[in-house]
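Trainee: Take this structure first; my questions come after.
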Amino acid sequence: MTSPTSTNSSRGVQTEEKKGKTILQILPKLPSTESLSNSPGPASPGPSATDKFDGTLSDKFLDSASKLTRKESYKAQRKNYRREKKRVANELLSSLKDPSVIVLADWLKVRGTLKSWTKLWCILKPGLLLLYKTPKTKSNHWVGTVLLNTCQVIERPSKKDGFCFKLFHPLEQSIWAPRGPEKETIGAVVQPLPTAYLIFRAPSQAAGKCWLDALELSLRCSSLLVRSMSNKSTGGSTNHETQWSEADYEKHFTDHDLDDISQPENGAHLSGADVDITDTESECSAKEEEVEDDPPETHYIVNEEEEFGCAGEQVEELAEEHKSLIWFLVKQVRPGMDLSKVVLPTFILEPRSFLDKLSDSYYHVDILSRAVLEDDAFTRMKSVVQWYLSGLYKKPKGLKKPYNPILGETFRCYWQHPSGSLTFYIAEQVSHHPPVSAFYVTNRQDGFCISASILAKSKFYGNSTSAILDGVAVLTLLPRGEDYSLTVPYAHCKGILMGTLTMELGGKVAIDCEKTGYRTEIDFKLKPFLGGSEHTNCISGRLKLGKETLATIDGYWDGKITIKDRRTGEEQMLWNPTAAVRGTRLKRYTVPMDHQHEFESERLWQHVSAAILRDDQQAATEEKTVLEEAQRACAKERKAKCEEWMPKHFEQDLKTGQWVYRHGDLRPWDPRNDVYQYEYDYIIQTKTKHPTPMIRTASIVSVEPQPIPLLHTESRSSLSVLKSSKRKLTTKQVSSDADVNESGTTSEEFHSDSTQSTKKVQISNSVGLLNAVHSLENTLLEHGEKLTRLQQNVDHILKKDRDSLISTSDLYSSRANCQLGHKKHRTAHSIHMYRDI
């Protein structure tokens, strides 16, 4: 027989099993039923053996029930977590999309380019800063719109009262949108404002701090806004939910496990199982990304054929048969004449194009990769100078000149760095008269690019001639936002008529960085008339900061170069092209002949180069003449059709006159998204993990097709705006959550609500547009009636004037007739009187 105590305990276990699911969802841990049902009473002296056995069974049942209920509670918490996260994300994005949301609006003083201050009404919205002349925010009062997605803000010290802060683009690009909130293209007339930055002055310290906080909030929200708009543009729908998949929710929930504290044992077991599921899902998504096809790339092969001349004076000994050609050439020119139109003999030509020759400066371009990593501006300038000098020591054997490129001729190659990154080189002959060559060098992964257009000119001085490369190359260090302008020395050839035919570099060049203030000047000295070998190929230079000289440079441009610090007197080796250094030259990759286009340099000049290499000057001249005649024929045809040559890969900047690469990309490298750079059909692109939208200046302004009215012009804080929008969304969400508990379709209901609200907004906007059109038509009719009445009044006045003129003329004529009659009468009377007398 069982005692009443054991019977009660078994019933207690049954009731606990029935209520375990509901109780444990609220209270994860409860006191054991043993203390409730088996507590000793006054009638029983102590627990019996049967009571202990029943107590053990009840503990086992409770343990199993608690494990099940904890697992269900964990799943319910995860479900609620996902639902709440979606709700908060939708709430934030909806508030950002709402055109009535104004973070802050107030008067601020803005400094113009003339360093004078003007007072403007500033309205801060998520991702945008709008400037107006007055708080009326009319279209004709709009001054400009600043895009905050590319800006940064810092506090700026000031001697005057108030609080100054600066809003700027870190890469010194434009911060302005081309259109206003109502599609305005021309702003109100105010003093000119800077392009890449704005300096504001708040009336007090508190107001300035408030603006700083509000700008920080808008800058953070702008990234979310851009991501939301990119989702909208790619998806083609109005769903504002985030891009989190179920695997992302699972992973985030696993990383921040809710049961780590309250349920260390069972929670750890469940989270381990969820981690496996998450890993498999993430692996599947990663495999899907890997399945994507790689973009097409141009086929390149290693090109190791290089020719090096000896260090020192570059001399050419002419054969007797070639001297007659030189005399024939001299008869065609006169001192001071430009030699660009003179046909040169083939025996002085180097068997490659000038576009190929320009790439000799990039065999040690890995020096620039190290320069980008330097934090000291002085060290960066030294590294740039070192790279500049590293491209001069390679020269051909003897005195040779590369081919003059044909109009439309192109060349491309790349160098592979030890780190695996690639430096691409694209060049094109964009003009023939005058001869202009444009090229573009880029390595976004290592953080630099170079752009230049070179005008090649030559002058004849009798016994010597000079080849001048007129132009400025711009080196940009992408992460630093620094631009270095570089000029090129000229090549001087002497001994044409008498003496030994030699070539050397001359002139002064400058490497200037406007942002840091550092400047390097290098003087390439020509050999004097009585100088020896120690005066051949000499250079000297100075590295300056402002007007102060920090270091001096001395040496030979094809040999050893040293730099001496003026402050410490320490002398260091800047560059020395020893055999070991030449062994570190980067390998250059070029396109095979069968993969080249018709106008690529190697394929275009292949027959001329082959004839020069086999020393057949007659065949080389004939092949060269064929190319030149074809170019002249094409020029005559374009002239007859009144057509102009348009380069394929470069376009001219109308402001600076420089030729720039059409597909240039100056964005710093993003290691989280960018994978590698590649080139296909002369277009250099970047392979990315995710499709990154190229944010244009008008993308944020013109998100919606209809104009966005500015409703609230009074000053409002960001907290109040977000709270008001939160209350509206919360009331909507409570009703949708109630529907979810009944039907379990939360996301669908919320999505349908958002779709209906979007449709209502679109309908209201279209109705407002129709009303505006009707009001405009009525206004035009009124103006037409006014013009008709005015025309009638003018006609009536003109008619009166004509009538008055006619009456006046009649009056004058009648008066004249009367006076004439009186005169006749007096004359007749006087005649009668005279007769009588």
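Each chain of the structure tokens is named A, B, ... in the order shown, its residues numbered from 1; ligands are numbered from 1 in display order.
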Report as number ranges by chain all protein, DNA and RNA residues lying within 12 Å of Arg480 in chain A, evaluated on only C-alpha atoms, omitting residues in the same chain fewer than 3 positions from it.
Mentor: A: 170-172, 371-377, 380, 446-448, 475-477, 483-484, 513, 515-516, 666-669
Trainee: Give me the residues near Tyr518 in chain A as number ranges by chain, where near means some atom within 10 Å (using only C-alpha atoms) and where sequence neighbours in that chain fewer than 2 positions away do not count.
Mentor: A: 377-378, 380-382, 484, 511-516, 520, 543-550
Trainee: For the atom pair CA of Gly180 in chain A and CA of Glu216 in chain A, what is the interatomic distance in Å to one decimal place?
Mentor: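 Separation between CA of Gly180 in chain A and CA of Glu216 in chain A: 22.4 Å.
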Trainee: Kindly indicate which residue among A:Arg638, A:Arg201, A:Lys401, A:Lys183 lies nearest to Pro157 in chain A, using only C-alpha atoms for the distances.
Mentor: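 Using only C-alpha atoms, Pro157 in chain A sits closest to A:Arg201.
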Trainee: For the atom pair CA of Ser437 in chain A and CA of Thr656 in chain A, what is the interatomic distance in Å to one decimal place?
Mentor: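 Those two atoms sit 16.0 Å apart.
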Trainee: Which of range 457-643 of chain A end up as strand (DSSP E or B) when DSSP is run on this backbone - answer as a ChimeraX atom specification?
Mentor: /A:457-460,464-470,473-477,482-486,490-494,501-513,518-525,538-545,548-556,561-565,571-575,587-590,600
Trainee: Report the distance between CA of Arg603 in chain A and CA of Glu305 in chain A in Å, rounded to one decimal place.
Mentor: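 Rounded to one decimal, the two atoms are 16.4 Å apart.
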Trainee: If you count only C-alpha atoms, which residues fall within 8 Å of range 487-496 of chain A, apart from same-chain ones fewer than 5 positions away, as a PyMOL selection string?
Mentor: chain A and resi 326+462-473+501-511+524
Trainee: So that I can see what lies close to Val146 in chain A, please list as a PyMOL selection string the residues with an atom at most 9 Å from it, counting only C-alpha atoms and leaving out residues fewer than 4 positions away in the same chain.
Mentor: chain A and resi 127-131+151+175-177
Trainee: If you count only C-alpha atoms, which residues fall within 9 Å of Ile561 in chain A, apart from same-chain ones fewer than 6 positions away, as a list of chain:residue names?
Mentor: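 Near neighbours after the sequence-gap exclusion: A:Leu389, A:Ile539, A:Ile553, A:Asp554, A:Gly555, A:Gln572, A:Met573, A:Leu574, A:Trp575, A:Asn576.
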Trainee: Write to file, as an mmCIF file, in the first residue's frame, the residues of the selection just made, with N, CA and C atoms.
Mentor:
data_model
loop_
_atom_site.group_PDB
_atom_site.id
_atom_site.type_symbol
_atom_site.label_atom_id
_atom_site.label_comp_id
_atom_site.auth_asym_id
_atom_site.auth_seq_id
_atom_site.Cartn_x
_atom_site.Cartn_y
_atom_site.Cartn_z
ATOM 1 N N LEU A 389 63.430 58.954 -59.729
ATOM 2 C CA LEU A 389 64.779 58.772 -60.260
ATOM 3 C C LEU A 389 65.041 57.335 -60.702
ATOM 4 N N ILE A 539 73.236 65.558 -61.543
ATOM 5 C CA ILE A 539 72.015 66.195 -61.056
ATOM 6 C C ILE A 539 72.288 66.769 -59.675
ATOM 7 N N ILE A 553 70.174 66.997 -52.695
ATOM 8 C CA ILE A 553 70.318 65.779 -53.491
ATOM 9 C C ILE A 553 71.462 65.994 -54.482
ATOM 10 N N ASP A 554 72.352 65.010 -54.577
ATOM 11 C CA ASP A 554 73.479 65.074 -55.512
ATOM 12 C C ASP A 554 73.757 63.679 -56.056
ATOM 13 N N GLY A 555 74.303 63.652 -57.291
ATOM 14 C CA GLY A 555 74.678 62.374 -57.884
ATOM 15 C C GLY A 555 74.514 62.392 -59.389
ATOM 16 N N GLN A 572 72.566 59.934 -46.793
ATOM 17 C CA GLN A 572 72.042 58.595 -47.044
ATOM 18 C C GLN A 572 72.035 58.309 -48.535
ATOM 19 N N MET A 573 72.003 57.017 -48.851
ATOM 20 C CA MET A 573 71.885 56.583 -50.241
ATOM 21 C C MET A 573 70.418 56.673 -50.647
ATOM 22 N N LEU A 574 70.116 57.500 -51.620
ATOM 23 C CA LEU A 574 68.748 57.625 -52.104
ATOM 24 C C LEU A 574 68.458 56.614 -53.202
ATOM 25 N N TRP A 575 69.404 56.446 -54.141
ATOM 26 C CA TRP A 575 69.182 55.500 -55.236
ATOM 27 C C TRP A 575 70.528 55.131 -55.844
ATOM 28 N N ASN A 576 70.677 53.844 -56.158
ATOM 29 C CA ASN A 576 71.881 53.353 -56.818
ATOM 30 C C ASN A 576 71.511 52.098 -57.605
#
Trainee: Near Glu306 in chain A, within 10 Å and counting only C-alpha atoms, which residues show up once chain neighbours fewer than 6 positions away are dropped, as a PyMOL selection string?
Mentor: chain A and resi 394-396
Trainee: In terms of the shortest atom-to-atom distance over only C-alpha atoms, which of A:Thr195, A:Trp107, A:His774, A:Pro405 is closest to Gly208 in chain A?
Mentor: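 With only C-alpha atoms as the atom set, the closest residue is A:Trp107.
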Trainee: Which is closer to Pro479 in chain A than all the others in A:Cys122, A:Ala551, A:Leu399, A:Cys449, using only C-alpha atoms?
Mentor: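 So, comparing all the options, the nearest one is A:Cys449.
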